[in-house]
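Enquirer: So that you have it, the file is entry-v1.txt, and it contains compact mmCIF, C-alpha atoms:
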# COMPACT_ATOMS: atom_id res chain seq x y z
CA MET A 219 30.32 -15.01 13.84
CA ARG A 220 33.74 -15.02 15.51
CA SER A 221 35.17 -12.78 12.77
CA TYR A 222 33.21 -9.93 14.37
CA GLN A 223 34.66 -10.54 17.83
CA VAL A 224 37.82 -9.14 19.40
CA ASP A 225 39.83 -11.18 21.93
CA MET A 226 40.29 -8.59 24.67
CA CYS A 227 42.17 -10.78 27.14
CA ASN A 228 45.09 -12.22 25.16
CA GLY A 229 47.94 -10.86 23.06
CA PRO A 230 49.01 -7.28 22.22
CA ILE A 231 46.29 -4.81 23.10
CA PHE A 232 46.97 -1.56 21.17
CA LYS A 233 45.99 -2.84 17.72
CA LYS A 234 42.80 -4.36 19.17
CA LEU A 235 41.90 -1.07 20.82
CA ILE A 236 42.09 0.61 17.41
CA ILE A 237 40.08 -2.17 15.70
CA PHE A 238 37.42 -1.93 18.42
CA SER A 239 37.19 1.86 18.62
CA LEU A 240 37.14 2.79 14.91
CA PRO A 241 33.67 1.30 14.19
CA LEU A 242 32.42 3.03 17.35
CA ILE A 243 33.73 6.38 16.13
CA LEU A 244 32.23 5.77 12.69
CA SER A 245 28.88 4.82 14.26
CA GLY A 246 28.78 8.06 16.22
CA CYS A 247 29.78 10.18 13.23
CA LEU A 248 27.30 8.35 11.01
CA GLN A 249 24.50 9.03 13.47
CA LEU A 250 25.44 12.71 13.51
CA LEU A 251 25.45 12.81 9.71
CA PHE A 252 21.97 11.29 9.58
CA ASN A 253 20.80 13.79 12.22
CA ALA A 254 22.30 16.54 10.08
CA ALA A 255 20.33 15.18 7.12
CA ASP A 256 17.15 15.43 9.22
CA ILE A 257 17.93 19.05 9.99
CA ILE A 258 18.80 19.86 6.37
CA VAL A 259 15.57 18.32 5.08
CA VAL A 260 13.30 20.00 7.61
CA GLY A 261 15.13 23.34 7.35
CA ARG A 262 15.22 23.35 3.54
CA PHE A 263 11.66 22.22 2.87
CA THR A 264 9.69 23.34 5.95
CA GLY A 265 11.36 26.52 7.23
CA ASN A 266 13.22 28.11 10.13
CA GLN A 267 10.49 27.51 12.70
CA ALA A 268 10.46 23.79 12.00
CA LEU A 269 14.26 23.71 12.14
CA ALA A 270 14.23 25.55 15.46
CA ALA A 271 11.52 23.18 16.79
CA VAL A 272 13.57 20.07 16.01
CA GLY A 273 16.83 21.54 17.31
CA SER A 274 15.37 22.93 20.54
CA THR A 275 14.41 19.46 21.76
CA SER A 276 17.86 17.80 21.54
CA ALA A 277 19.17 18.91 24.95
CA LEU A 278 15.89 17.96 26.66
CA ILE A 279 15.73 14.54 24.95
CA ASN A 280 19.31 13.81 26.04
CA LEU A 281 18.49 14.85 29.59
CA LEU A 282 15.56 12.43 29.75
CA VAL A 283 17.29 9.39 28.20
CA ASN A 284 20.82 9.68 29.61
CA MET A 285 20.00 7.71 32.75
CA PHE A 286 19.03 4.65 30.71
CA ILE A 287 22.02 5.12 28.39
CA GLY A 288 24.15 5.03 31.54
CA ILE A 289 22.49 1.78 32.60
CA SER A 290 23.40 0.32 29.20
CA VAL A 291 27.02 1.12 30.09
CA GLY A 292 26.46 -0.85 33.31
CA ALA A 293 25.09 -3.75 31.27
CA ASN A 294 28.22 -3.69 29.12
CA VAL A 295 30.43 -3.88 32.24
CA VAL A 296 28.46 -6.73 33.85
CA LEU A 297 28.45 -8.72 30.61
CA GLY A 298 32.16 -8.09 30.04
CA LYS A 299 33.01 -9.38 33.51
CA SER A 300 30.84 -12.50 33.06
CA ILE A 301 32.32 -13.23 29.64
CA GLY A 302 35.86 -12.73 30.94
CA ALA A 303 35.11 -15.13 33.80
CA ARG A 304 33.51 -17.61 31.32
CA ASP A 305 30.32 -17.62 33.40
CA GLU A 306 27.81 -18.59 30.71
CA GLU A 307 24.78 -18.80 33.02
CA ASN A 308 25.19 -15.25 34.34
CA THR A 309 26.04 -13.97 30.85
CA SER A 310 22.76 -15.34 29.49
CA LYS A 311 20.80 -13.92 32.42
CA ALA A 312 22.49 -10.54 31.97
CA VAL A 313 21.54 -10.45 28.27
CA HIS A 314 17.86 -11.06 29.01
CA THR A 315 17.86 -8.66 31.97
CA ALA A 316 19.43 -5.92 29.83
CA ILE A 317 16.79 -6.26 27.11
CA PHE A 318 14.05 -6.32 29.78
CA ILE A 319 15.37 -3.03 31.23
CA ALA A 320 15.58 -1.57 27.70
CA VAL A 321 11.93 -2.37 26.93
CA PHE A 322 10.69 -1.20 30.34
CA GLY A 323 12.77 1.98 30.16
CA GLY A 324 11.53 2.69 26.64
CA LEU A 325 7.88 2.34 27.70
CA LEU A 326 8.51 4.65 30.66
CA MET A 327 10.00 7.24 28.29
CA VAL A 328 6.91 7.02 26.05
CA PHE A 329 4.81 8.05 29.07
CA VAL A 330 7.22 10.84 30.10
CA GLY A 331 7.47 12.22 26.56
CA PHE A 332 3.73 12.25 25.96
CA PHE A 333 2.68 13.94 29.21
CA PHE A 334 5.67 16.13 30.06
CA ALA A 335 6.98 17.34 26.69
CA LYS A 336 5.12 20.65 26.58
CA PRO A 337 5.50 21.57 30.30
CA LEU A 338 9.26 20.96 30.11
CA LEU A 339 9.58 22.97 26.91
CA GLU A 340 7.68 25.81 28.58
CA LEU A 341 10.19 25.72 31.46
CA MET A 342 12.93 26.12 28.84
CA ALA A 343 11.27 29.35 27.63
CA THR A 344 10.58 27.90 24.18
CA PRO A 345 9.00 30.68 22.04
CA GLU A 346 5.28 30.58 21.32
CA ASP A 347 5.81 30.30 17.56
CA VAL A 348 7.87 27.11 18.05
CA ILE A 349 6.54 25.34 21.14
CA ASP A 350 3.61 23.53 19.50
CA LEU A 351 5.89 22.11 16.78
CA SER A 352 8.53 21.19 19.39
CA SER A 353 6.06 19.34 21.62
CA LEU A 354 4.56 17.54 18.60
CA TYR A 355 8.04 16.42 17.52
CA MET A 356 8.93 15.23 21.04
CA ARG A 357 5.71 13.27 21.54
CA ILE A 358 6.11 11.41 18.25
CA TYR A 359 9.85 10.92 18.80
CA PHE A 360 9.32 9.44 22.27
CA ALA A 361 6.79 6.95 20.90
CA GLY A 362 9.82 5.21 19.39
CA MET A 363 11.81 5.12 22.65
CA PRO A 364 11.43 1.33 23.17
CA PHE A 365 13.18 0.83 19.81
CA PHE A 366 15.89 3.36 20.71
CA MET A 367 16.56 1.66 24.05
CA VAL A 368 16.61 -1.87 22.61
CA TYR A 369 19.16 -0.83 19.96
CA ASN A 370 21.44 0.83 22.51
CA PHE A 371 21.29 -2.03 25.01
CA GLY A 372 21.68 -4.57 22.19
CA ALA A 373 24.73 -2.70 20.90
CA ALA A 374 26.16 -2.74 24.45
CA ILE A 375 25.68 -6.53 24.54
CA LEU A 376 27.56 -6.97 21.26
CA ARG A 377 30.33 -4.63 22.43
CA SER A 378 30.87 -6.89 25.43
CA ILE A 379 32.34 -9.54 23.08
CA GLY A 380 34.26 -6.96 21.06
CA ASP A 381 31.72 -6.69 18.24
CA THR A 382 31.41 -3.05 17.17
CA LYS A 383 31.04 -3.78 13.45
CA ARG A 384 27.52 -5.18 13.28
CA PRO A 385 25.95 -2.30 15.26
CA LEU A 386 27.64 -0.01 12.71
CA TYR A 387 26.14 -1.96 9.79
CA PHE A 388 22.66 -1.91 11.39
CA LEU A 389 22.97 1.83 11.98
CA LEU A 390 24.01 2.38 8.37
CA ILE A 391 20.95 0.48 7.07
CA SER A 392 18.50 2.23 9.40
CA GLY A 393 20.11 5.64 8.76
CA ILE A 394 19.69 5.36 4.99
CA ILE A 395 16.06 4.35 5.53
CA ASN A 396 15.63 7.33 7.85
CA VAL A 397 16.88 9.77 5.19
CA LEU A 398 14.62 8.23 2.51
CA PHE A 399 11.54 8.42 4.73
CA ASN A 400 12.46 11.99 5.72
CA LEU A 401 12.45 13.03 2.08
CA CYS A 402 9.21 11.15 1.45
CA PHE A 403 7.27 12.44 4.48
CA VAL A 404 8.54 16.02 4.34
CA ILE A 405 8.67 16.70 0.57
CA VAL A 406 5.97 14.38 -0.81
CA PHE A 407 3.45 14.36 2.06
CA ASP A 408 4.35 17.79 3.52
CA MET A 409 4.30 16.44 7.10
CA GLY A 410 6.98 18.80 8.46
CA VAL A 411 8.40 18.00 11.89
CA ALA A 412 5.92 15.14 12.32
CA GLY A 413 7.36 13.49 9.22
CA VAL A 414 10.93 13.79 10.52
CA ALA A 415 9.92 12.28 13.88
CA LEU A 416 7.97 9.46 12.21
CA ALA A 417 10.93 8.64 9.94
CA THR A 418 13.11 8.42 13.06
CA ILE A 419 10.71 5.96 14.72
CA ILE A 420 10.68 3.72 11.63
CA SER A 421 14.48 3.70 11.32
CA GLU A 422 14.91 2.99 15.06
CA GLY A 423 12.39 0.15 14.80
CA ILE A 424 14.43 -1.38 11.99
CA SER A 425 17.75 -1.05 13.87
CA SER A 426 16.27 -2.62 17.03
CA ALA A 427 14.77 -5.49 15.00
CA LEU A 428 18.12 -6.14 13.31
CA ILE A 429 20.00 -6.23 16.60
CA LEU A 430 17.44 -8.56 18.21
CA LEU A 431 17.62 -10.88 15.19
CA CYS A 432 21.41 -10.83 15.48
CA LEU A 433 21.23 -11.84 19.16
CA LYS A 434 18.60 -14.49 18.44
CA HIS A 435 20.81 -16.16 15.82
CA MET A 436 23.93 -16.14 17.98
CA ASP A 437 25.24 -19.31 19.59
CA GLY A 438 26.33 -19.49 23.20
CA PRO A 439 25.38 -17.35 26.20
CA LEU A 440 24.60 -14.20 24.18
CA HIS A 441 21.74 -16.01 22.42
CA PHE A 442 18.47 -14.15 23.06
CA GLU A 443 15.01 -15.71 23.37
CA LEU A 444 11.94 -13.55 23.93
CA LYS A 445 10.37 -16.14 26.24
CA ASP A 446 13.44 -16.00 28.53
CA MET A 447 13.36 -12.22 28.90
CA ARG A 448 12.97 -11.42 32.58
CA PHE A 449 14.30 -9.25 35.39
CA HIS A 450 17.13 -10.88 37.37
CA LYS A 451 17.39 -8.67 40.44
CA GLU A 452 21.02 -9.35 41.40
CA LEU A 453 22.36 -8.69 37.90
CA ALA A 454 20.13 -5.64 37.49
CA LEU A 455 21.54 -4.20 40.73
CA GLN A 456 25.07 -4.76 39.41
CA MET A 457 24.16 -2.91 36.22
CA LEU A 458 22.70 -0.06 38.26
CA GLU A 459 25.77 0.10 40.49
CA VAL A 460 27.86 1.06 37.47
CA GLY A 461 25.14 2.55 35.27
CA LEU A 462 23.53 5.02 37.69
CA PRO A 463 26.72 7.06 38.27
CA ALA A 464 27.38 7.03 34.52
CA GLY A 465 23.79 8.12 33.86
CA LEU A 466 23.93 10.86 36.50
CA GLN A 467 27.15 12.15 34.95
CA GLY A 468 25.37 12.34 31.60
CA ILE A 469 22.37 14.06 33.19
CA ILE A 470 24.57 16.73 34.82
CA PHE A 471 26.18 17.38 31.42
CA SER A 472 22.73 17.54 29.81
CA ILE A 473 21.43 19.98 32.45
CA SER A 474 24.11 22.47 31.40
CA ASN A 475 23.04 22.02 27.76
CA VAL A 476 19.38 22.53 28.73
CA LEU A 477 20.29 25.80 30.50
CA ILE A 478 22.27 26.93 27.45
CA GLN A 479 19.37 26.01 25.16
CA SER A 480 16.95 27.90 27.43
CA SER A 481 19.11 31.02 27.06
CA ILE A 482 19.23 30.57 23.29
CA ASN A 483 15.44 30.16 23.18
CA SER A 484 15.03 33.66 24.61
CA PHE A 485 16.51 35.11 21.38
CA GLY A 486 13.74 33.65 19.21
CA SER A 487 13.30 30.97 16.56
CA LEU A 488 15.84 32.39 14.06
CA VAL A 489 18.74 32.19 16.54
CA MET A 490 17.50 28.74 17.65
CA ALA A 491 17.67 27.56 14.03
CA GLY A 492 21.24 28.85 13.66
CA ASN A 493 22.32 27.16 16.89
CA THR A 494 20.75 23.88 15.73
CA ALA A 495 22.86 23.90 12.57
CA ALA A 496 26.08 24.77 14.44
CA SER A 497 25.69 22.33 17.36
CA ASN A 498 25.91 19.29 15.08
CA ILE A 499 29.56 20.09 14.30
CA GLU A 500 30.44 20.08 18.01
CA GLY A 501 29.08 16.54 18.31
CA PHE A 502 31.78 15.00 16.12
CA VAL A 503 34.47 15.76 18.71
CA TYR A 504 32.36 14.41 21.57
CA THR A 505 31.45 11.17 19.81
CA SER A 506 35.12 10.38 19.10
CA MET A 507 36.03 10.89 22.76
CA ASN A 508 33.06 8.77 23.84
CA ALA A 509 34.17 5.89 21.56
CA VAL A 510 37.57 5.73 23.28
CA TYR A 511 35.83 5.70 26.67
CA GLN A 512 33.54 2.83 25.60
CA THR A 513 36.56 0.91 24.27
CA SER A 514 38.49 1.23 27.53
CA LEU A 515 35.41 0.18 29.49
CA SER A 516 34.85 -3.00 27.48
CA PHE A 517 38.49 -4.11 27.59
CA THR A 518 38.82 -3.40 31.31
CA SER A 519 35.60 -5.29 32.14
CA GLN A 520 36.61 -8.48 30.34
CA ASN A 521 40.12 -8.53 31.80
CA PHE A 522 38.73 -7.84 35.26
CA GLY A 523 36.35 -10.80 34.91
CA ALA A 524 39.23 -12.99 33.69
CA LYS A 525 41.32 -11.82 36.71
CA LYS A 526 44.00 -10.44 34.40
CA TYR A 527 44.84 -7.33 36.36
CA LYS A 528 48.21 -6.59 34.75
CA ALA A 529 48.89 -5.35 31.22
As C-alpha cells, how would this structure be written, given the file I've shared?
Expert:
Amino acid sequence: MRSYQVDMCNGPIFKKLIIFSLPLILSGCLQLLFNAADIIVVGRFTGNQALAAVGSTSALINLLVNMFIGISVGANVVLGKSIGARDEENTSKAVHTAIFIAVFGGLLMVFVGFFFAKPLLELMATPEDVIDLSSLYMRIYFAGMPFFMVYNFGAAILRSIGDTKRPLYFLLISGIINVLFNLCFVIVFDMGVAGVALATIISEGISSALILLCLKHMDGPLHFELKDMRFHKELALQMLEVGLPAGLQGIIFSISNVLIQSSINSFGSLVMAGNTAASNIEGFVYTSMNAVYQTSLSFTSQNFGAKKYKA
C-alpha cells in the first residue's frame, strides 16, 4: 500500500511534486479522451442532433456539480492537515464525513437533475429540435450522480496521502467499460443519447465501487466502514470553509460557460454540434493546470498540519 503514497513532509520536494501531479494530469486527459469517445460514438452513429444534445449539457452539468467538487477540495485540505498532524481520530472521522457528504450531495443532484433539467435548458435557449434529447440525457446522467460524487470524494481522500495512481487505474478501468457500453447501447441497441448516459452511469458506478473497496481494505485512519459513515459537524464545517469558496469560484467560471453555450444554442443544432467537438480540445489545457493546483493544495495541507511552514 505504501508504494502508492508520497511523503509530502520530508526530503526534496520538486521530484515528489512531479510524481504526484503526473497521474493527476493523465487522469484528467484520460477522462477527456473517454468523453471524446462518447461524442464520437453518438455523433457518428446517431447524428448531429444527438451530438448537439450531449454537448449542450456540459456547461450546465458543471454549473450544478461544481459546488460539491469544491467541497471535495475542502475534504482534501482537512484530511491533509489531520494526516500531517498525525491525528488519526480526526482523519478517520473526516473520511467518513466526506463520503457521507458525497452520498448526500449525489442524491440531491439526482433530484435537481430530474426536476430542473428541462426548465434550465429552456433558459439556455436550447433549440426545440434538441431540447427533448438534452433533457433526457441530463435526467439519466444525473441518476448516476451519487457514484460520481463518491468517486471524486474518494479520490480526494487518496490524494491526501499522496496517492494519485490508484484513482488513475480505477478511471482507466471504468473508462474502457464506458466506451464498450457506449458502442453496445448506441450501435447494437440503437439507444442514442440514452445509451451514452446509461453507459456513463455504469462506468461511474464501477469507479465508485473500486474506490470504496480500496478505502475499505486500507489499514490505518483512512480505512472506511459503511456502518461508521456519519456527519461530523465540526469537520464538515472545516471542509465547507475551504470548499465553498472553491466551489463558488468554479460556479462563477461555469456561469460564463453557460452564457457562452446559450449564445451558441441560438445558432441551431449544427453549430452546437461543431462547438461540442471543438470544446473537448480546450479541456486538455485546463485539466493540466488543475492538476498542478491540486498538487500544491495537497502538499501545502500536509505540511501545514505537520507545522512545517518553511521549505
Enquirer: I'd like the neighbourhood of Gln467 (chain A) as JSON, numbers by chain, where a residue qualifies if any of its atoms comes within 9 Å (using all atoms listed in the file), though same-chain residues fewer than 6 positions away should be ignored.
Expert: {"A": [284, 285, 288]}
Enquirer: Skipping near chain neighbours, those fewer than 6 positions away, what residues fall within 12 Å of Gly298 (chain A) using all atoms listed in the file, listed as a short mmCIF file (atom, residue, chain, number, x, y, z; two decimals) with C-alpha atoms, in the coordinates of the input?
Expert:
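Contents of out-v4.cif, freshly written:
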data_model
loop_
_atom_site.label_atom_id
_atom_site.label_comp_id
_atom_site.auth_asym_id
_atom_site.auth_seq_id
_atom_site.Cartn_x
_atom_site.Cartn_y
_atom_site.Cartn_z
CA ASP A 225 39.83 -11.18 21.93
CA MET A 226 40.29 -8.59 24.67
CA CYS A 227 42.17 -10.78 27.14
CA VAL A 291 27.02 1.12 30.09
CA GLY A 292 26.46 -0.85 33.31
CA ARG A 304 33.51 -17.61 31.32
CA ASP A 305 30.32 -17.62 33.40
CA GLU A 306 27.81 -18.59 30.71
CA ASN A 308 25.19 -15.25 34.34
CA THR A 309 26.04 -13.97 30.85
CA SER A 310 22.76 -15.34 29.49
CA ALA A 312 22.49 -10.54 31.97
CA VAL A 313 21.54 -10.45 28.27
CA ALA A 374 26.16 -2.74 24.45
CA ILE A 375 25.68 -6.53 24.54
CA LEU A 376 27.56 -6.97 21.26
CA ARG A 377 30.33 -4.63 22.43
CA SER A 378 30.87 -6.89 25.43
CA ILE A 379 32.34 -9.54 23.08
CA GLY A 380 34.26 -6.96 21.06
CA ASP A 381 31.72 -6.69 18.24
CA LEU A 440 24.60 -14.20 24.18
CA MET A 457 24.16 -2.91 36.22
CA GLN A 512 33.54 2.83 25.60
CA THR A 513 36.56 0.91 24.27
CA SER A 514 38.49 1.23 27.53
CA LEU A 515 35.41 0.18 29.49
CA SER A 516 34.85 -3.00 27.48
CA PHE A 517 38.49 -4.11 27.59
CA THR A 518 38.82 -3.40 31.31
CA SER A 519 35.60 -5.29 32.14
CA GLN A 520 36.61 -8.48 30.34
CA ASN A 521 40.12 -8.53 31.80
CA PHE A 522 38.73 -7.84 35.26
CA GLY A 523 36.35 -10.80 34.91
CA ALA A 524 39.23 -12.99 33.69
CA LYS A 525 41.32 -11.82 36.71
#
Enquirer: Looking at A:Ala454, A:Ala277, A:Ala271, A:Leu462, which one is nearest to Ala415 (chain A), with distances taken over all atoms listed in the file?
Expert: A:Ala271
Enquirer: Find the axis-aligned box for region 420-423 of chain A, covering all its listed atoms and adding 5 Å on each side, and write its centre and edge lengths in Å to one decimal as AutoDock Vina command-line options.
Expert:
--center_x 12.8 --center_y 1.9 --center_z 13.2 --size_x 14.2 --size_y 13.6 --size_z 13.7
Enquirer: When distances are computed from only C-alpha atoms, which of A:Leu269, A:Glu307, A:Leu244, A:Ser426 shows the smallest separation from Gly324 (chain A)?
Expert: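 Among the listed residues, A:Ser426 lies closest to Gly324 (chain A).
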Enquirer: Suppose you want the space between CA of Pro230 (chain A) and CA of Lys299 (chain A); what is it in Å?
Expert: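 Distance between the two atoms: 19.7 Å.
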Enquirer: Point out the residue among A:Asn493, A:Asn400, A:Ser239, A:Gln249 with the least atom-to-atom distance to Gly413 (chain A), counting all atoms listed in the file.
Expert: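 The closest residue to Gly413 (chain A) is A:Asn400.
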Enquirer: What's the separation between CA of Phe471 (chain A) and CA of Leu278 (chain A), in Å to one decimal place?
Expert: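 According to the coordinates, CA of Phe471 (chain A) and CA of Leu278 (chain A) are separated by 11.4 Å.
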Enquirer: Excluding Phe485 (chain A) and any residue of its chain fewer than 6 positions from it, enumerate the residues within 12 Å of it, using all atoms listed in the file, and give them as a list in words.
Expert: Ala270, Ala343, Thr344, Pro345, Ile478, Gln479, Ala491, Gly492 and Asn493 of chain A
Enquirer: For Tyr504 (chain A), which residue among A:Cys247, A:Val411, A:Ile231, A:Ile257 is the nearest when counting only C-alpha atoms?
Expert: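 The answer is A:Cys247, which sits nearest to Tyr504 (chain A).
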Enquirer: I'd like to know which of A:Leu453, A:Ala254, A:Ile237, A:Met342 is closest to Ile482 (chain A), using only C-alpha atoms.
Expert: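 Looking at the shortest contact to Ile482 (chain A), the residue is A:Met342.
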Enquirer: Here is a test: counting all atoms listed in the file, which residue of A:Ala316, A:Asn266, A:Ile279, A:Asp437 is nearest to Asp347 (chain A)?
Expert: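 Smallest distance to Asp347 (chain A) is found for A:Asn266.
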Enquirer: Please provide as a list of chain:residue names all residues within 7 Å of region 394-399 of chain A, with the sequence filter that same-chain residues fewer than 3 positions apart are discarded (counting all atoms listed in the file).
Expert: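 Result of the neighbour search: A:Phe252, A:Ala255, A:Asp256, A:Leu390, A:Ile391, A:Cys402, A:Phe403, A:Ala417, A:Thr418, A:Ser421.
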Enquirer: Starting from the incomplete input, reconstruct N, CA, C and O atoms of region 259-274 of chain A and report them as an mmCIF file, in the frame of the given file.
Expert:
data_model
loop_
_atom_site.group_PDB
_atom_site.id
_atom_site.type_symbol
_atom_site.label_atom_id
_atom_site.label_comp_id
_atom_site.auth_asym_id
_atom_site.auth_seq_id
_atom_site.Cartn_x
_atom_site.Cartn_y
_atom_site.Cartn_z
ATOM 1 N N VAL A 259 16.858 18.554 5.751
ATOM 2 C CA VAL A 259 15.570 18.320 5.080
ATOM 3 C C VAL A 259 14.482 19.219 5.656
ATOM 4 O O VAL A 259 13.760 19.912 4.933
ATOM 5 N N VAL A 260 14.372 19.218 6.999
ATOM 6 C CA VAL A 260 13.300 20.000 7.610
ATOM 7 C C VAL A 260 13.554 21.496 7.461
ATOM 8 O O VAL A 260 12.612 22.283 7.268
ATOM 9 N N GLY A 261 14.826 21.923 7.515
ATOM 10 C CA GLY A 261 15.130 23.340 7.350
ATOM 11 C C GLY A 261 14.927 23.818 5.926
ATOM 12 O O GLY A 261 14.432 24.925 5.691
ATOM 13 N N ARG A 262 15.298 22.968 4.952
ATOM 14 C CA ARG A 262 15.220 23.350 3.540
ATOM 15 C C ARG A 262 13.783 23.357 3.027
ATOM 16 O O ARG A 262 13.396 24.237 2.243
ATOM 17 N N PHE A 263 12.986 22.391 3.474
ATOM 18 C CA PHE A 263 11.660 22.220 2.870
ATOM 19 C C PHE A 263 10.501 22.630 3.769
ATOM 20 O O PHE A 263 9.359 22.650 3.316
ATOM 21 N N THR A 264 10.782 22.954 5.047
ATOM 22 C CA THR A 264 9.690 23.340 5.950
ATOM 23 C C THR A 264 9.883 24.750 6.509
ATOM 24 O O THR A 264 8.914 25.455 6.732
ATOM 25 N N GLY A 265 11.129 25.151 6.781
ATOM 26 C CA GLY A 265 11.360 26.520 7.230
ATOM 27 C C GLY A 265 12.100 26.615 8.548
ATOM 28 O O GLY A 265 12.353 25.618 9.220
ATOM 29 N N ASN A 266 12.418 27.856 8.935
ATOM 30 C CA ASN A 266 13.220 28.110 10.130
ATOM 31 C C ASN A 266 12.524 27.689 11.418
ATOM 32 O O ASN A 266 13.162 27.223 12.358
ATOM 33 N N GLN A 267 11.215 27.876 11.483
ATOM 34 C CA GLN A 267 10.490 27.510 12.700
ATOM 35 C C GLN A 267 10.546 26.010 12.943
ATOM 36 O O GLN A 267 10.741 25.556 14.075
ATOM 37 N N ALA A 268 10.372 25.238 11.881
ATOM 38 C CA ALA A 268 10.460 23.790 12.000
ATOM 39 C C ALA A 268 11.861 23.353 12.397
ATOM 40 O O ALA A 268 12.047 22.456 13.230
ATOM 41 N N LEU A 269 12.868 24.009 11.800
ATOM 42 C CA LEU A 269 14.260 23.710 12.140
ATOM 43 C C LEU A 269 14.536 24.023 13.598
ATOM 44 O O LEU A 269 15.169 23.236 14.313
ATOM 45 N N ALA A 270 14.052 25.170 14.062
ATOM 46 C CA ALA A 270 14.230 25.550 15.460
ATOM 47 C C ALA A 270 13.491 24.568 16.384
ATOM 48 O O ALA A 270 13.992 24.217 17.461
ATOM 49 N N ALA A 271 12.308 24.109 15.978
ATOM 50 C CA ALA A 271 11.520 23.180 16.790
ATOM 51 C C ALA A 271 12.243 21.857 16.994
ATOM 52 O O ALA A 271 12.282 21.314 18.100
ATOM 53 N N VAL A 272 12.839 21.331 15.914
ATOM 54 C CA VAL A 272 13.570 20.070 16.010
ATOM 55 C C VAL A 272 14.830 20.237 16.857
ATOM 56 O O VAL A 272 15.127 19.443 17.747
ATOM 57 N N GLY A 273 15.573 21.325 16.598
ATOM 58 C CA GLY A 273 16.830 21.540 17.310
ATOM 59 C C GLY A 273 16.656 21.843 18.777
ATOM 60 O O GLY A 273 17.493 21.452 19.602
ATOM 61 N N SER A 274 15.565 22.518 19.150
ATOM 62 C CA SER A 274 15.370 22.930 20.540
ATOM 63 C C SER A 274 15.095 21.766 21.472
ATOM 64 O O SER A 274 15.186 21.903 22.697
#
